[in-house]
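Student: This is the structure I want to talk about, given as structure tokens.
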Amino acid sequence: MSHGPSSGAQPLPPLSIKATGQAARDYNFVGARGPIKTTNVIESIGHLVKSCLGGGVVGIHEAYKGCGLISALILNVFLGLFVGYCMHMLVHNAQIMYGRLQIPSMSYPDIAEATLATGPFIKMRRFARPFRYAVDATIGIDLFGSCCVYSVIIARSIKQLLEDSKTVDSINIRILIACLFIPCILICWITQLKYLAPFSIVADIFIVIVAISTVYYGSTAATKSPTEFPVVKSFEGFLEFVGVCVFSMEGVGVSMPIENHMANPHKFPVVLFGGMGVVVGIVMTIGFFGYWGFGESSVAPITNNFPWAVFPIILKVLMALMIYVTFALNFWVPFDLVWYYLKKRHPENKLWFWERVYRTGMVIIIILLAVAFPDVSSFMGFLGCFCLSLMGFIFPAFIELCVVWEDPGLGFMKWRLVKACAIIIFGILLCIMGTITNVKGLIKAAMKSDSKPGPGPGPAPPPA
């Protein structure tokens, strides 16, 4: 099997070699993982939280606005549990495959290819490599698409800072997005992740500060009780919320690397419970207090709803800077995946040049897409419904069917088959209906002369 750059896995043995019985069950936990597995439970929880909480969380309150306050809160909890369970399902079946193939670790694309190539569906084995490519492509679309979202969020923050400070009367957000060409190209020319990684910790601290600030400014600005808000709004708003909520919490793409580097991988469920608890809590906090406080004026990012005062202005500036760095961090992963295949087409002595050519070209494509579709919620909803329904729900459920079909079997009344089919059906419905709904939203945004105008800053808090 070939390995992408993010696999972090050892070369796989011939796929016809499969261990069975106790050897297959025990291999994963008998020291075969080697010295690189060094992270403990607390460190792994930190990595999971850091990976799940991207820039999408700062727009979740706008999705709450489209769904309804109470229904969104309930769905938020359900989707958090559902996303966490599907991540557990993927890792659990990966650990079974470690034993069967007698290898210490694999990436998500490795798991996809190996389970189909060694699975019970003989006629489908020839699709093992395309299945791997499908996982790679979905991860790439999701993360490159996230960069489009981040560029719009940066532009929205800059737009409000310029207009509310009276620097300009009004400016089209598409012009601001286009102005990000050069800054984004320059930061994406950084080819070593070690130079960007420290900013990830700062970004996490900033998200916590934003969540606390949302509680304060949201509760201060609230003019009515949460029970006075509509419980349910439109079906389109519901689908957009599901997509944005999944986008804001999904961490299936990082679950395998985190598990691969754990000193005690059998404790991954503990990591998942602790990490997803923090993630769901922060998403619910920003979503609930953001919509409760700012109501129908809610707009992403959440800092654009904060009042025009010294501390909120600092947060607005830091929001633009934090998302700018997150853009580069997010860009690094899918580009590394694509570059693994592209660099084979060029001589080694010219790779330095061609890598920067491709980086520049991809940033240009990302910015052009953002200029065309400057709608944060619809973009996040599309990515959540299309990409994450595939890699977060459908693929893990199908992988589980391939793993358990013969050993240990489908269980009493074929409950494992029923469970997997239910998850796959949910993922397909979300993918089709959610994608259509959010694409319509993107098209509407593309037809406008400007994106949805953000509201002015919220009311100033009362004096202490």
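Every chain in the structure tokens has a letter given in the order shown (A, B, ...), and although residue numbers restart at 1 in each chain, ligands are simply numbered from 1 in the order shown.
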Where in region 168-321 of chain A does DSSP assign helix (DSSP H, G or I), given as number ranges by chain?
Tutor: A: 173-178, 181-188, 193-195, 197-221, 226-228, 235-249, 252-260, 265-297, 302-305, 310-321
Student: List the spatial neighbours of region 249-260 of chain A as a PyMOL selection string - criterion: any atom at most 8 Å away, only C-alpha atoms, same-chain residues fewer than 5 positions off excluded.
Tutor: chain A and resi 7-8+37+44+47-48+51-53+57+80+83+86-87+91+105-108+139+265+268+276+279-280+283+388+391-392
Student: Would you tabulate, counting only C-alpha atoms, all residues of region 153-234 of chain A that have an atom at most 10 Å from an atom of region 302-320 of chain A, showing the closest pair of atoms and their distance in Å to one decimal, sorted by chain then ascending number, as a Markdown table?
Tutor:
| residue | atom | partner | partner_atom | distance |
| --- | --- | --- | --- | --- |
| A:Ile153 | CA | A:Ala320 | CA | 7.4 |
| A:Ile154 | CA | A:Ala320 | CA | 4.8 |
| A:Ala155 | CA | A:Ala320 | CA | 7.8 |
| A:Arg156 | CA | A:Asn304 | CA | 8.0 |
| A:Ser157 | CA | A:Ala320 | CA | 5.9 |
| A:Ile158 | CA | A:Ala320 | CA | 7.0 |
| A:Lys159 | CA | A:Asn304 | CA | 9.7 |
| A:Gln160 | CA | A:Asn304 | CA | 6.9 |
| A:Leu161 | CA | A:Lys316 | CA | 7.6 |
| A:Asp164 | CA | A:Trp308 | CA | 7.9 |
| A:Ser165 | CA | A:Trp308 | CA | 8.9 |
| A:Ala203 | CA | A:Met319 | CA | 9.0 |
| A:Phe206 | CA | A:Leu318 | CA | 8.1 |
| A:Ile207 | CA | A:Met319 | CA | 9.1 |
| A:Ile209 | CA | A:Leu315 | CA | 8.8 |
| A:Val210 | CA | A:Thr303 | CA | 7.6 |
| A:Ala211 | CA | A:Ile302 | CA | 9.3 |
| A:Ser213 | CA | A:Pro312 | CA | 8.6 |
| A:Thr214 | CA | A:Ile302 | CA | 7.6 |
| A:Tyr216 | CA | A:Phe306 | CA | 9.9 |
| A:Tyr217 | CA | A:Phe306 | CA | 6.6 |
| A:Gly218 | CA | A:Phe306 | CA | 8.3 |
| A:Ala221 | CA | A:Phe306 | CA | 9.3 |
Student: By how many Å are CA of Ser389 (chain A) and CA of Glu240 (chain A) apart?
Tutor: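 Here the two named atoms are 13.0 Å from each other.
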Student: Choose the residue, out of A:Pro226, A:Gly295, A:Pro104, A:Gly434, that has the smallest atom-to-atom separation from Ile70 (chain A); count only C-alpha atoms.
Tutor: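 Closest candidate: A:Pro226.
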Student: Determine, counting only C-alpha atoms, which protein, DNA and RNA residues have an atom within 8 Å of an atom of region 149-152 of chain A; residues of the same chain fewer than 6 positions away are not included. Present the result as JSON, numbers by chain.
Tutor: {"A": [55, 177, 180, 323, 324, 326, 327, 367, 370, 374, 375, 376, 379, 380]}
Student: Env of Val325 (chain A): 8 Å cut, atoms = only C-alpha atoms, seq-sep filter 4 positions within chain, self excluded. Answer as a PyMOL selection string.
Tutor: chain A and resi 187+196+199+321+329
Student: In Å, with one decimal, what is the gap from CA of Leu239 (chain A) to CA of Val299 (chain A)?
Tutor: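 A separation of 17.7 Å between them.
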Student: Neighbouring residues of Pro130 (chain A) were defined as those with any atom within 12 Å, considering only C-alpha atoms; residues of the same chain fewer than 3 positions away were excluded. Please report them as a list in words.
Tutor: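 After dropping sequence-adjacent residues, the list is Pro109, Asp110, Ala112, Glu113, Ala114, Leu116, Ala117, Met124, Arg125, Arg126, Phe127, Tyr133, Ala134, Val135, Asp136 and Ala137 of chain A.
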Student: Could I get the residues of region 165-249 of chain A with an atom no further than 8 Å from an atom of region 63-68 of chain A, each paired with its nearest atom pair and that distance in Å to one decimal, using only C-alpha atoms, sorted by chain and residue number, as a Markdown table?
Tutor:
| residue | atom | partner | partner_atom | distance |
| --- | --- | --- | --- | --- |
| A:Phe229 | CA | A:Gly68 | CA | 7.0 |
| A:Pro230 | CA | A:Gly68 | CA | 5.5 |
| A:Val231 | CA | A:Gly68 | CA | 5.0 |
| A:Val232 | CA | A:Gly68 | CA | 4.7 |
| A:Lys233 | CA | A:Cys67 | CA | 5.3 |
| A:Ser234 | CA | A:Cys67 | CA | 6.7 |
| A:Phe235 | CA | A:Cys67 | CA | 7.9 |
| A:Glu236 | CA | A:Gly66 | CA | 7.9 |
| A:Gly237 | CA | A:Gly66 | CA | 4.3 |
| A:Phe238 | CA | A:Cys67 | CA | 4.8 |
| A:Glu240 | CA | A:Ala63 | CA | 6.7 |
| A:Phe241 | CA | A:Ala63 | CA | 4.8 |
| A:Val244 | CA | A:Ala63 | CA | 6.6 |
| A:Cys245 | CA | A:Ala63 | CA | 7.7 |
Student: Atoms to include: all heavy atoms. Write the selected residues as a compact mmCIF listing (two decimals), in the first residue's frame.
Tutor:
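File written: out_26.txt
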# COMPACT_ATOMS: atom_id res chain seq x y z
N PHE A 229 -37.85 32.66 22.43
CA PHE A 229 -37.35 32.46 21.07
C PHE A 229 -38.12 31.32 20.41
O PHE A 229 -38.61 30.41 21.08
CB PHE A 229 -35.86 32.11 21.11
CG PHE A 229 -34.96 33.29 21.35
CD1 PHE A 229 -34.78 33.80 22.63
CD2 PHE A 229 -34.29 33.90 20.30
CE1 PHE A 229 -33.95 34.88 22.86
CE2 PHE A 229 -33.45 34.97 20.52
CZ PHE A 229 -33.28 35.47 21.81
N PRO A 230 -38.24 31.36 19.08
CA PRO A 230 -38.89 30.25 18.38
C PRO A 230 -38.16 28.93 18.65
O PRO A 230 -36.93 28.88 18.62
CB PRO A 230 -38.76 30.64 16.89
CG PRO A 230 -38.54 32.11 16.90
CD PRO A 230 -37.81 32.42 18.15
N VAL A 231 -38.91 27.89 18.96
CA VAL A 231 -38.31 26.59 19.23
C VAL A 231 -37.74 25.99 17.95
O VAL A 231 -36.63 25.45 17.94
CB VAL A 231 -39.34 25.63 19.85
CG1 VAL A 231 -38.74 24.24 20.05
CG2 VAL A 231 -39.83 26.18 21.19
N VAL A 232 -38.50 26.10 16.87
CA VAL A 232 -38.09 25.55 15.57
C VAL A 232 -38.35 26.61 14.51
O VAL A 232 -39.37 27.30 14.56
CB VAL A 232 -38.86 24.26 15.22
CG1 VAL A 232 -38.42 23.74 13.86
CG2 VAL A 232 -38.66 23.20 16.30
N LYS A 233 -37.45 26.73 13.57
CA LYS A 233 -37.65 27.65 12.44
C LYS A 233 -37.81 26.84 11.16
O LYS A 233 -38.55 25.87 11.13
CB LYS A 233 -36.48 28.63 12.36
CG LYS A 233 -36.50 29.70 13.46
CD LYS A 233 -35.49 30.79 13.17
CE LYS A 233 -35.62 31.92 14.17
NZ LYS A 233 -34.66 33.02 13.89
N SER A 234 -37.10 27.21 10.11
CA SER A 234 -37.31 26.57 8.81
C SER A 234 -36.52 25.27 8.69
O SER A 234 -35.53 25.04 9.39
CB SER A 234 -36.89 27.51 7.68
OG SER A 234 -35.49 27.75 7.73
N PHE A 235 -36.96 24.40 7.77
CA PHE A 235 -36.25 23.15 7.49
C PHE A 235 -34.87 23.45 6.89
O PHE A 235 -33.90 22.76 7.18
CB PHE A 235 -37.07 22.29 6.54
CG PHE A 235 -36.45 20.94 6.25
CD1 PHE A 235 -36.29 20.00 7.27
CD2 PHE A 235 -36.01 20.62 4.98
CE1 PHE A 235 -35.72 18.76 7.02
CE2 PHE A 235 -35.44 19.38 4.72
CZ PHE A 235 -35.30 18.45 5.74
N GLU A 236 -34.81 24.50 6.07
CA GLU A 236 -33.51 24.89 5.48
C GLU A 236 -32.55 25.32 6.58
O GLU A 236 -31.36 24.99 6.55
CB GLU A 236 -33.70 26.01 4.46
CG GLU A 236 -34.43 25.63 3.19
CD GLU A 236 -35.94 25.53 3.37
OE1 GLU A 236 -36.45 25.92 4.47
OE2 GLU A 236 -36.62 25.06 2.44
N GLY A 237 -33.07 26.06 7.55
CA GLY A 237 -32.23 26.48 8.67
C GLY A 237 -31.76 25.30 9.50
O GLY A 237 -30.63 25.28 10.00
N PHE A 238 -32.64 24.29 9.63
CA PHE A 238 -32.27 23.07 10.35
C PHE A 238 -31.10 22.37 9.66
O PHE A 238 -30.12 21.98 10.30
CB PHE A 238 -33.48 22.14 10.43
CG PHE A 238 -33.14 20.71 10.77
CD1 PHE A 238 -32.88 20.33 12.08
CD2 PHE A 238 -33.07 19.75 9.77
CE1 PHE A 238 -32.57 19.01 12.39
CE2 PHE A 238 -32.76 18.43 10.07
CZ PHE A 238 -32.51 18.06 11.38
N GLU A 240 -28.93 23.65 7.55
CA GLU A 240 -27.72 24.47 7.64
C GLU A 240 -27.09 24.33 9.02
O GLU A 240 -25.87 24.22 9.15
CB GLU A 240 -28.05 25.93 7.35
CG GLU A 240 -26.82 26.83 7.37
CD GLU A 240 -27.15 28.28 7.02
OE1 GLU A 240 -27.33 28.56 5.81
OE2 GLU A 240 -27.22 29.11 7.95
N PHE A 241 -27.94 24.31 10.06
CA PHE A 241 -27.41 24.17 11.41
C PHE A 241 -26.68 22.85 11.59
O PHE A 241 -25.59 22.80 12.17
CB PHE A 241 -28.54 24.26 12.45
CG PHE A 241 -28.08 23.88 13.83
CD1 PHE A 241 -27.37 24.78 14.60
CD2 PHE A 241 -28.32 22.61 14.35
CE1 PHE A 241 -26.92 24.44 15.87
CE2 PHE A 241 -27.88 22.26 15.60
CZ PHE A 241 -27.17 23.17 16.37
N VAL A 244 -23.29 23.12 9.90
CA VAL A 244 -22.36 24.00 10.61
C VAL A 244 -21.95 23.39 11.94
O VAL A 244 -20.77 23.45 12.34
CB VAL A 244 -23.01 25.38 10.84
CG1 VAL A 244 -22.10 26.26 11.70
CG2 VAL A 244 -23.27 26.07 9.51
N CYS A 245 -22.91 22.76 12.65
CA CYS A 245 -22.61 22.17 13.95
C CYS A 245 -21.61 21.02 13.80
O CYS A 245 -20.64 20.92 14.57
CB CYS A 245 -23.89 21.68 14.60
SG CYS A 245 -23.71 21.20 16.33
Student: Residues within 10 Å of Glu406 (chain A), please, as a list in words. Count only C-alpha atoms; anything in the same chain fewer than 4 positions from it doesn't count.
Tutor: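 Here the answer would be Gly119, Pro120, Leu401, Cys402 and Leu410 of chain A.
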Student: Go ahead and save the picked residues with N, CA, C and O atoms, as an mmCIF file, in the first residue's frame.
Tutor:
data_model
loop_
_atom_site.group_PDB
_atom_site.id
_atom_site.type_symbol
_atom_site.label_atom_id
_atom_site.label_comp_id
_atom_site.auth_asym_id
_atom_site.auth_seq_id
_atom_site.Cartn_x
_atom_site.Cartn_y
_atom_site.Cartn_z
ATOM 1 N N GLY A 119 -11.601 -7.350 3.207
ATOM 2 C CA GLY A 119 -12.939 -7.564 3.734
ATOM 3 C C GLY A 119 -13.677 -8.727 3.099
ATOM 4 O O GLY A 119 -13.174 -9.406 2.194
ATOM 5 N N PRO A 120 -14.918 -8.935 3.531
ATOM 6 C CA PRO A 120 -15.691 -10.106 3.095
ATOM 7 C C PRO A 120 -16.343 -9.934 1.720
ATOM 8 O O PRO A 120 -16.840 -10.910 1.156
ATOM 9 N N LEU A 401 -18.661 -2.400 8.872
ATOM 10 C CA LEU A 401 -19.278 -3.580 8.252
ATOM 11 C C LEU A 401 -18.221 -4.507 7.670
ATOM 12 O O LEU A 401 -18.309 -5.731 7.800
ATOM 13 N N CYS A 402 -17.210 -3.932 7.013
ATOM 14 C CA CYS A 402 -16.136 -4.754 6.442
ATOM 15 C C CYS A 402 -15.357 -5.487 7.528
ATOM 16 O O CYS A 402 -14.915 -6.621 7.326
ATOM 17 N N LEU A 410 -22.419 -10.242 12.864
ATOM 18 C CA LEU A 410 -23.363 -9.133 12.909
ATOM 19 C C LEU A 410 -24.160 -9.065 14.203
ATOM 20 O O LEU A 410 -24.918 -8.121 14.416
#
Student: Quick one: distance from CA of Met362 (chain A) to CA of Phe331 (chain A) in Å, one decimal?
Tutor: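 About the pair CA of Met362 (chain A) and CA of Phe331 (chain A): they are 9.2 Å apart.
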